[in-house]
file run_24.tsv (TSV, C-alpha atoms)
chain	number	residue	atom	x	y	z
A	169	MET	CA	-7.58	94.15	68.76
A	170	HIS	CA	-6.41	91.38	66.46
A	171	LEU	CA	-5.69	87.87	67.76
A	172	TYR	CA	-4.18	84.84	66.04
A	173	ILE	CA	-3.93	81.38	67.62
A	174	ALA	CA	-2.95	78.08	65.96
A	175	THR	CA	-2.13	74.51	66.88
A	176	ARG	CA	-1.42	71.22	65.13
A	177	ILE	CA	-3.78	68.36	65.88
A	178	GLN	CA	-2.87	64.78	64.98
A	179	ALA	CA	-6.42	63.75	64.18
A	180	PRO	CA	-8.66	63.55	61.09
A	181	LEU	CA	-9.92	66.89	59.80
A	182	ASP	CA	-13.51	65.61	59.92
A	183	LEU	CA	-13.19	65.01	63.66
A	184	VAL	CA	-11.76	68.48	64.31
A	185	TRP	CA	-14.44	70.02	62.08
A	186	ARG	CA	-17.22	68.24	63.94
A	187	ARG	CA	-15.98	69.17	67.39
A	188	THR	CA	-15.61	72.82	66.44
A	189	ARG	CA	-18.71	73.29	64.30
A	190	ASP	CA	-21.18	71.34	66.45
A	191	LEU	CA	-22.36	73.83	69.10
A	192	ALA	CA	-22.88	71.22	71.83
A	193	GLN	CA	-19.32	69.95	71.39
A	194	HIS	CA	-17.85	73.42	70.94
A	195	GLN	CA	-19.03	74.66	74.33
A	196	ARG	CA	-17.39	71.67	76.04
A	197	TRP	CA	-13.81	72.63	75.13
A	198	ASP	CA	-13.90	76.41	74.65
A	199	LEU	CA	-13.10	78.16	77.93
A	200	ARG	CA	-14.40	81.48	76.59
A	201	PHE	CA	-18.02	80.35	76.66
A	202	THR	CA	-20.25	78.98	79.38
A	203	ALA	CA	-23.01	78.03	76.91
A	204	ILE	CA	-23.56	78.14	73.14
A	205	THR	CA	-27.12	77.62	71.90
A	206	PRO	CA	-28.59	77.78	68.38
A	207	ASP	CA	-30.98	80.65	67.73
A	208	PRO	CA	-34.59	79.64	66.99
A	209	GLY	CA	-35.84	79.82	63.42
A	210	ALA	CA	-34.10	79.24	60.12
A	211	ASP	CA	-31.70	81.78	58.68
A	212	PRO	CA	-32.93	82.97	55.25
A	213	GLU	CA	-29.47	82.34	53.80
A	214	GLY	CA	-28.94	79.03	55.57
A	215	ALA	CA	-26.24	80.40	57.88
A	216	GLN	CA	-25.65	79.05	61.37
A	217	ARG	CA	-26.81	81.48	64.06
A	218	PHE	CA	-26.25	81.09	67.77
A	219	THR	CA	-26.19	82.87	71.11
A	220	TYR	CA	-23.18	82.56	73.41
A	221	THR	CA	-22.97	83.19	77.14
A	222	THR	CA	-19.93	83.83	79.32
A	223	GLY	CA	-19.92	83.81	83.11
A	224	ARG	CA	-22.57	83.06	85.71
A	225	PRO	CA	-25.40	85.21	87.07
A	226	PRO	CA	-25.26	88.00	88.04
A	227	LEU	CA	-22.04	88.50	86.01
A	228	THR	CA	-23.23	87.16	82.68
A	229	LEU	CA	-22.23	88.39	79.24
A	230	THR	CA	-24.35	87.44	76.23
A	231	GLY	CA	-23.64	87.87	72.55
A	232	HIS	CA	-24.74	86.60	69.15
A	233	ALA	CA	-22.91	85.19	66.13
A	234	ARG	CA	-23.68	84.25	62.56
A	235	THR	CA	-21.57	82.35	60.05
A	236	THR	CA	-20.76	84.43	56.99
A	237	ALA	CA	-18.89	81.86	54.93
A	238	GLU	CA	-18.09	78.17	54.98
A	239	ARG	CA	-15.98	76.31	52.47
A	240	ARG	CA	-14.44	72.85	52.18
A	241	SER	CA	-12.29	72.02	49.18
A	242	ALA	CA	-9.16	70.08	48.30
A	243	GLY	CA	-9.04	68.63	51.80
A	244	ALA	CA	-8.95	72.05	53.50
A	245	ALA	CA	-11.74	74.00	55.17
A	246	VAL	CA	-12.55	77.47	56.45
A	247	SER	CA	-15.44	78.85	58.49
A	248	ALA	CA	-15.97	82.60	58.97
A	249	LEU	CA	-18.38	84.43	61.21
A	250	ARG	CA	-19.37	87.76	62.71
A	251	PHE	CA	-20.27	88.32	66.35
A	252	TRP	CA	-21.77	91.15	68.39
A	253	SER	CA	-23.39	92.00	71.71
A	254	HIS	CA	-26.14	94.49	72.52
A	255	GLN	CA	-25.29	94.50	76.22
A	256	ARG	CA	-23.84	97.85	77.19
A	257	HIS	CA	-21.76	96.28	79.97
A	258	CYS	CA	-20.17	93.78	77.56
A	259	PRO	CA	-16.67	95.09	76.72
A	260	ILE	CA	-16.75	93.66	73.18
A	261	ALA	CA	-19.22	95.40	70.88
A	262	SER	CA	-18.63	93.45	67.67
A	263	GLY	CA	-16.06	91.55	65.68
A	264	ALA	CA	-15.34	89.05	62.95
A	265	GLY	CA	-13.01	86.13	62.44
A	266	HIS	CA	-12.46	82.71	60.94
A	267	TRP	CA	-11.32	79.18	61.65
A	268	ARG	CA	-8.97	77.59	59.13
A	269	TYR	CA	-8.34	73.85	58.84
A	270	THR	CA	-5.25	72.92	56.80
A	271	PRO	CA	-4.29	69.25	56.27
A	272	LEU	CA	-0.69	68.38	57.20
A	273	GLU	CA	1.63	66.12	55.29
A	274	GLY	CA	1.62	62.73	56.96
A	275	GLY	CA	-1.74	63.31	58.64
A	276	GLY	CA	-3.32	65.69	61.07
A	277	VAL	CA	-4.55	69.24	60.66
A	278	ASP	CA	-3.25	72.71	61.36
A	279	PHE	CA	-6.13	74.45	63.13
A	280	ALA	CA	-5.92	78.25	63.28
A	281	THR	CA	-8.11	81.19	64.15
A	282	ALA	CA	-7.74	84.90	63.49
A	283	TYR	CA	-10.26	87.47	64.66
A	284	ARG	CA	-10.65	91.18	65.24
A	285	TYR	CA	-13.06	92.90	67.59
A	286	ARG	CA	-14.11	96.39	68.64
A	287	VAL	CA	-14.41	97.33	72.29
A	288	ARG	CA	-16.66	99.78	74.09
A	289	GLY	CA	-15.57	102.53	76.45
A	290	GLY	CA	-13.48	104.79	74.25
A	291	THR	CA	-9.88	105.34	75.36
A	292	ALA	CA	-10.40	103.62	78.71
A	293	GLY	CA	-11.86	100.58	76.96
A	294	ARG	CA	-8.96	100.40	74.52
A	295	LEU	CA	-6.42	100.61	77.35
A	296	ALA	CA	-8.23	97.89	79.30
A	297	ASP	CA	-8.28	95.75	76.17
A	298	ARG	CA	-4.59	96.26	75.52
A	299	TRP	CA	-3.45	95.34	79.01
A	300	LEU	CA	-6.15	93.01	80.32
A	301	LEU	CA	-8.92	91.82	77.99
A	302	GLY	CA	-6.77	91.14	74.93
A	303	PRO	CA	-4.11	89.07	76.79
A	304	LEU	CA	-6.84	87.22	78.69
A	305	LEU	CA	-8.73	86.36	75.48
A	306	GLY	CA	-5.50	85.27	73.80
A	307	TRP	CA	-4.62	82.99	76.70
A	308	ALA	CA	-8.15	81.53	76.95
A	309	THR	CA	-8.28	80.85	73.20
A	310	ALA	CA	-4.86	79.16	73.19
A	311	TRP	CA	-5.64	77.09	76.29
A	312	SER	CA	-8.92	76.00	74.72
A	313	PHE	CA	-7.20	75.03	71.47
A	314	ASP	CA	-4.77	72.82	73.39
A	315	ARG	CA	-7.67	71.23	75.27
A	316	LEU	CA	-9.33	70.51	71.93
A	317	ARG	CA	-6.07	69.01	70.65
A	318	LEU	CA	-5.79	66.66	73.63
A	319	TRP	CA	-9.43	65.66	73.28
A	320	CYS	CA	-8.98	64.80	69.61
A	321	GLU	CA	-5.59	63.11	69.96
A	322	ARG	CA	-5.94	61.24	73.27
A	323	GLY	CA	-9.69	60.93	73.73
A	324	THR	CA	-9.59	62.56	77.18
A	325	THR	CA	-12.83	64.49	77.67
A	326	PRO	CA	-12.71	68.30	78.03
A	327	GLU	CA	-14.21	67.99	81.50
A	328	ALA	CA	-11.46	65.63	82.66
A	329	LEU	CA	-8.82	67.89	81.12
A	330	ALA	CA	-10.18	70.86	83.09
A	331	VAL	CA	-9.88	68.85	86.31
A	332	ARG	CA	-6.28	67.97	85.45
A	333	ALA	CA	-5.43	71.60	84.79
A	334	VAL	CA	-6.92	72.75	88.11
A	335	ALA	CA	-5.12	69.96	89.99
A	336	GLU	CA	-1.78	70.79	88.42
A	337	ALA	CA	-2.24	74.51	89.12
A	338	GLY	CA	-3.03	73.60	92.73
A	339	VAL	CA	0.20	71.61	93.03
A	340	ARG	CA	2.20	74.52	91.66
A	341	ALA	CA	0.48	76.99	93.99
A	342	GLY	CA	1.13	74.67	96.95
A	343	ALA	CA	4.82	74.44	96.08
A	344	CYS	CA	5.01	78.22	95.91
A	345	ALA	CA	3.33	78.51	99.32
A	346	VAL	CA	5.86	76.11	100.85
A	347	LEU	CA	8.73	78.11	99.40
A	348	ALA	CA	7.26	81.39	100.63
A	349	ALA	CA	6.90	80.01	104.16
A	350	GLY	CA	10.34	78.47	104.52
A	351	ALA	CA	12.85	80.49	102.50
A	352	PRO	CA	14.15	84.08	102.34
A	353	TRP	CA	12.07	86.14	99.93
A	354	PRO	CA	14.70	86.32	97.12
A	355	LEU	CA	15.01	82.52	97.10
A	356	ALA	CA	11.25	82.09	97.49
A	357	LEU	CA	10.62	84.42	94.56
A	358	ALA	CA	13.16	82.62	92.37
A	359	GLY	CA	11.77	79.24	93.38
A	360	ALA	CA	8.18	80.30	92.67
A	361	ALA	CA	9.17	81.55	89.23
A	362	ALA	CA	10.91	78.24	88.53
A	363	VAL	CA	7.83	76.29	89.66
A	364	TRP	CA	5.54	78.15	87.27
A	365	LEU	CA	8.02	77.92	84.41
A	366	VAL	CA	8.21	74.12	84.56
A	367	PRO	CA	6.46	72.77	81.44
A	368	PRO	CA	2.98	71.36	82.05
A	369	ALA	CA	2.45	67.61	81.98
A	370	PRO	CA	1.90	66.29	78.43
A	371	GLY	CA	-1.72	65.45	79.21
A	372	THR	CA	-2.56	68.85	80.74
A	373	PRO	CA	-3.83	71.70	78.50
A	374	ALA	CA	-1.41	74.62	78.18
A	375	ALA	CA	-1.76	77.87	76.25
A	376	ARG	CA	2.00	78.07	75.74
A	377	ARG	CA	1.91	75.18	73.26
A	378	CYS	CA	-0.02	77.21	70.66
A	379	ARG	CA	1.41	79.61	68.10
A	380	ARG	CA	0.48	83.27	68.38
A	381	ARG	CA	1.69	84.37	64.95
A	382	PRO	CA	1.32	82.94	61.44
A	383	GLU	CA	4.40	81.01	60.41
A	384	ARG	CA	6.39	82.48	57.56
A	385	PRO	CA	6.83	80.39	54.42
A	386	ALA	CA	10.32	79.12	53.71
A	387	SER	CA	12.61	81.61	51.95
A	388	PRO	CA	13.79	80.57	48.50
A	389	ALA	CA	17.30	79.17	48.42
A	390	PRO	CA	20.00	81.54	47.10
A	391	ALA	CA	21.15	80.91	43.57
A	392	GLY	CA	23.71	78.14	43.45
A	393	ALA	CA	22.89	76.87	46.94
A	394	ALA	CA	21.76	73.48	45.67
A	395	GLY	CA	25.04	72.97	43.84
A	396	ALA	CA	26.95	73.83	47.03
A	397	GLY	CA	25.40	71.03	49.04
A	398	GLY	CA	21.65	71.73	49.12
A	399	ALA	CA	19.39	74.35	50.62
A	400	ASP	CA	18.11	74.53	54.16
A	401	ALA	CA	14.52	73.29	54.34
A	402	GLY	CA	11.90	75.60	55.76
A	403	ARG	CA	8.84	74.25	57.46
A	404	ARG	CA	5.57	75.79	58.52

call {"tool": "encode", "arguments": {"input": "run_24.tsv", "output": "structure tokens"}}
result
Amino acid sequence: MHLYIATRIQAPLDLVWRRTRDLAQHQRWDLRFTAITPDPGADPEGAQRFTYTTGRPPLTLTGHARTTAERRSAGAAVSALRFWSHQRHCPIASGAGHWRYTPLEGGGVDFATAYRYRVRGGTAGRLADRWLLGPLLGWATAWSFDRLRLWCERGTTPEALAVRAVAEAGVRAGACAVLAAGAPWPLALAGAAAVWLVPPAPGTPAARRCRRRPERPASPAPAGAAGAGGADAGRR
């Protein structure tokens, strides 16, 4: 499976870099991990190594990761890593990906990730990944990116943002319950769909705000377009 998630954060690149590269800060905003801890001992090549945990006992998944490249130049930055798990009950066996930090004109940073992973379980594992694990990981990554964005832009802590998200989901669920109890099922179903389609509050994290595909560069203007009144501007 290949996943791509991106968002634009109106904050200094150094701040975004610090809150994504520092393990203690990373685990605060990333919904995919319960804990991220550095591995003991120094890596012979100076790479960052860490162990990540997802879930709570007895349903705990543990894996390991190691940075494979890190570069900062001309105001941009990229960090690449590989990850794997030796647990046989962990659906993801191994994978690799990167984080890319691209400065935006006028300030801010375009923060994007792309990663691939290999699942266990043969055909059954691939089907489960296609219909359940992959969409769930995509949603969790996008929701986490928007939580990071709000933390960097507004200063609201990741913990407070999680409380807001749960509260707003509770309000939506309550509205759906009221509709289900007091309206014919076609109207209740339509009303419930409308409730969940209402955009989240600006200060509540939402996966839908993130891009799921790389943006295409602007197409070159046809010959003579400038003389006919200018070319349409494309934007990332």

call {"tool": "closest_residue", "arguments": {"input": "run_24.tsv", "among": "A:Gly209, A:Pro367, A:Gly290, A:Pro303", "to": "Ile173 of chain A", "atoms": "all atoms listed in the file"}}
result
A:Pro303

call {"tool": "closest_residue", "arguments": {"input": "run_24.tsv", "among": "A:Thr291, A:Thr281, A:Ser262, A:Thr219", "to": "Leu171 of chain A", "atoms": "all atoms listed in the file"}}
result
A:Thr281

call {"tool": "residues_near_point", "arguments": {"input": "run_24.tsv", "point": "(-22.1, 86.0, 56.6)", "cutoff": "10 Å", "atoms": "only C-alpha atoms", "output": "PyMOL selection string"}}
result
chain A and resi 213-217+233-238+247-250+264

call {"tool": "write_last_selection", "arguments": {"input": "run_24.tsv", "atoms": "C-alpha atoms", "output": "mmCIF file, keeping the file's coordinate frame"}}
result
data_model
loop_
_atom_site.group_PDB
_atom_site.id
_atom_site.type_symbol
_atom_site.label_atom_id
_atom_site.label_comp_id
_atom_site.auth_asym_id
_atom_site.auth_seq_id
_atom_site.Cartn_x
_atom_site.Cartn_y
_atom_site.Cartn_z
ATOM 1 C CA GLU A 213 -29.470 82.340 53.800
ATOM 2 C CA GLY A 214 -28.940 79.030 55.570
ATOM 3 C CA ALA A 215 -26.240 80.400 57.880
ATOM 4 C CA GLN A 216 -25.650 79.050 61.370
ATOM 5 C CA ARG A 217 -26.810 81.480 64.060
ATOM 6 C CA ALA A 233 -22.910 85.190 66.130
ATOM 7 C CA ARG A 234 -23.680 84.250 62.560
ATOM 8 C CA THR A 235 -21.570 82.350 60.050
ATOM 9 C CA THR A 236 -20.760 84.430 56.990
ATOM 10 C CA ALA A 237 -18.890 81.860 54.930
ATOM 11 C CA GLU A 238 -18.090 78.170 54.980
ATOM 12 C CA SER A 247 -15.440 78.850 58.490
ATOM 13 C CA ALA A 248 -15.970 82.600 58.970
ATOM 14 C CA LEU A 249 -18.380 84.430 61.210
ATOM 15 C CA ARG A 250 -19.370 87.760 62.710
ATOM 16 C CA ALA A 264 -15.340 89.050 62.950
#

call {"tool": "closest_residue", "arguments": {"input": "run_24.tsv", "among": "A:Phe279, A:Phe218, A:Tyr269, A:Trp364", "to": "Arg317 of chain A", "atoms": "all atoms listed in the file"}}
result
A:Phe279

call {"tool": "atom_distance", "arguments": {"input": "run_24.tsv", "atom1": "atom CA of Arg200 of chain A", "atom2": "atom CA of Pro382 of chain A"}}
result
21.9 Å

call {"tool": "residues_around", "arguments": {"input": "run_24.tsv", "residues": "Ala358 of chain A", "least_positions_apart": "6", "cutoff": "12 Å", "atoms": "only C-alpha atoms", "output": "PyMOL selection string"}}
result
chain A and resi 344+347-348+351-352+364-365

call {"tool": "atom_distance", "arguments": {"input": "run_24.tsv", "atom1": "atom CA of Gly323 of chain A", "atom2": "atom CA of Arg176 of chain A"}}
result
15.8 Å

call {"tool": "residues_around", "arguments": {"input": "run_24.tsv", "residues": "Arg294 of chain A", "least_positions_apart": "5", "cutoff": "12 Å", "atoms": "only C-alpha atoms", "output": "PyMOL selection string"}}
result
chain A and resi 169+259-261+285-289+299-302

call {"tool": "residues_around", "arguments": {"input": "run_24.tsv", "residues": "Asp182 of chain A", "least_positions_apart": "4", "cutoff": "10 Å", "atoms": "only C-alpha atoms", "output": "PyMOL selection string"}}
result
chain A and resi 186-188+243+245+269+277

call {"tool": "residues_around", "arguments": {"input": "run_24.tsv", "residues": "segment 222-230 of chain A", "least_positions_apart": "6", "cutoff": "12 Å", "atoms": "all atoms listed in the file", "output": "NGL selection string"}}
result
:A and (195 or 198-205 or 251-262)

call {"tool": "write_last_selection", "arguments": {"input": "run_24.tsv", "atoms": "C-alpha atoms", "output": "PDB file, in the coordinates of the input"}}
result
ATOM      1  CA  GLN A 195     -19.030  74.660  74.330  1.00  0.00           C
ATOM      2  CA  ASP A 198     -13.900  76.410  74.650  1.00  0.00           C
ATOM      3  CA  LEU A 199     -13.100  78.160  77.930  1.00  0.00           C
ATOM      4  CA  ARG A 200     -14.400  81.480  76.590  1.00  0.00           C
ATOM      5  CA  PHE A 201     -18.020  80.350  76.660  1.00  0.00           C
ATOM      6  CA  THR A 202     -20.250  78.980  79.380  1.00  0.00           C
ATOM      7  CA  ALA A 203     -23.010  78.030  76.910  1.00  0.00           C
ATOM      8  CA  ILE A 204     -23.560  78.140  73.140  1.00  0.00           C
ATOM      9  CA  THR A 205     -27.120  77.620  71.900  1.00  0.00           C
ATOM     10  CA  PHE A 251     -20.270  88.320  66.350  1.00  0.00           C
ATOM     11  CA  TRP A 252     -21.770  91.150  68.390  1.00  0.00           C
ATOM     12  CA  SER A 253     -23.390  92.000  71.710  1.00  0.00           C
ATOM     13  CA  HIS A 254     -26.140  94.490  72.520  1.00  0.00           C
ATOM     14  CA  GLN A 255     -25.290  94.500  76.220  1.00  0.00           C
ATOM     15  CA  ARG A 256     -23.840  97.850  77.190  1.00  0.00           C
ATOM     16  CA  HIS A 257     -21.760  96.280  79.970  1.00  0.00           C
ATOM     17  CA  CYS A 258     -20.170  93.780  77.560  1.00  0.00           C
ATOM     18  CA  PRO A 259     -16.670  95.090  76.720  1.00  0.00           C
ATOM     19  CA  ILE A 260     -16.750  93.660  73.180  1.00  0.00           C
ATOM     20  CA  ALA A 261     -19.220  95.400  70.880  1.00  0.00           C
ATOM     21  CA  SER A 262     -18.630  93.450  67.670  1.00  0.00           C
TER      22      SER A 262
END

call {"tool": "atom_distance", "arguments": {"input": "run_24.tsv", "atom1": "atom CA of Ile177 of chain A", "atom2": "atom CA of Glu321 of chain A"}}
result
6.9 Å

call {"tool": "axis_aligned_box", "arguments": {"input": "run_24.tsv", "around": "segment 185-202 of chain A", "padding_each_side": "6 Å", "output": "JSON"}}
result
{"center_x": -18.0, "center_y": 74.9, "center_z": 70.7, "size_x": 21.8, "size_y": 25.2, "size_z": 29.3}

call {"tool": "closest_residue", "arguments": {"input": "run_24.tsv", "among": "A:Ala310, A:Ala292, A:Arg196, A:Ala328", "to": "Arg381 of chain A", "atoms": "all atoms listed in the file"}}
result
A:Ala310

call {"tool": "closest_residue", "arguments": {"input": "run_24.tsv", "among": "A:Leu295, A:Arg340, A:Thr221, A:Pro326", "to": "Ala361 of chain A", "atoms": "all atoms listed in the file"}}
result
A:Arg340

call {"tool": "residues_around", "arguments": {"input": "run_24.tsv", "residues": "Pro368 of chain A", "least_positions_apart": "4", "cutoff": "10 Å", "atoms": "all atoms listed in the file", "output": "VMD selection string"}}
result
chain A and resid 333 336 to 337 364 372 to 377

call {"tool": "write_last_selection", "arguments": {"input": "run_24.tsv", "atoms": "C-alpha atoms", "output": "mmCIF file, in the frame of the given file"}}
result
data_model
loop_
_atom_site.group_PDB
_atom_site.id
_atom_site.type_symbol
_atom_site.label_atom_id
_atom_site.label_comp_id
_atom_site.auth_asym_id
_atom_site.auth_seq_id
_atom_site.Cartn_x
_atom_site.Cartn_y
_atom_site.Cartn_z
ATOM 1 C CA ALA A 333 -5.430 71.600 84.790
ATOM 2 C CA GLU A 336 -1.780 70.790 88.420
ATOM 3 C CA ALA A 337 -2.240 74.510 89.120
ATOM 4 C CA TRP A 364 5.540 78.150 87.270
ATOM 5 C CA THR A 372 -2.560 68.850 80.740
ATOM 6 C CA PRO A 373 -3.830 71.700 78.500
ATOM 7 C CA ALA A 374 -1.410 74.620 78.180
ATOM 8 C CA ALA A 375 -1.760 77.870 76.250
ATOM 9 C CA ARG A 376 2.000 78.070 75.740
ATOM 10 C CA ARG A 377 1.910 75.180 73.260
#

call {"tool": "residues_near_point", "arguments": {"input": "run_24.tsv", "point": "(10.8, 75.5, 93.9)", "cutoff": "7 Å", "atoms": "all atoms listed in the file", "output": "PyMOL selection string"}}
result
chain A and resi 343-344+347+359-360+362-363

call {"tool": "closest_residue", "arguments": {"input": "run_24.tsv", "among": "A:Gln193, A:Arg268, A:Ala345, A:Asp297", "to": "Leu357 of chain A", "atoms": "all atoms listed in the file"}}
result
A:Ala345
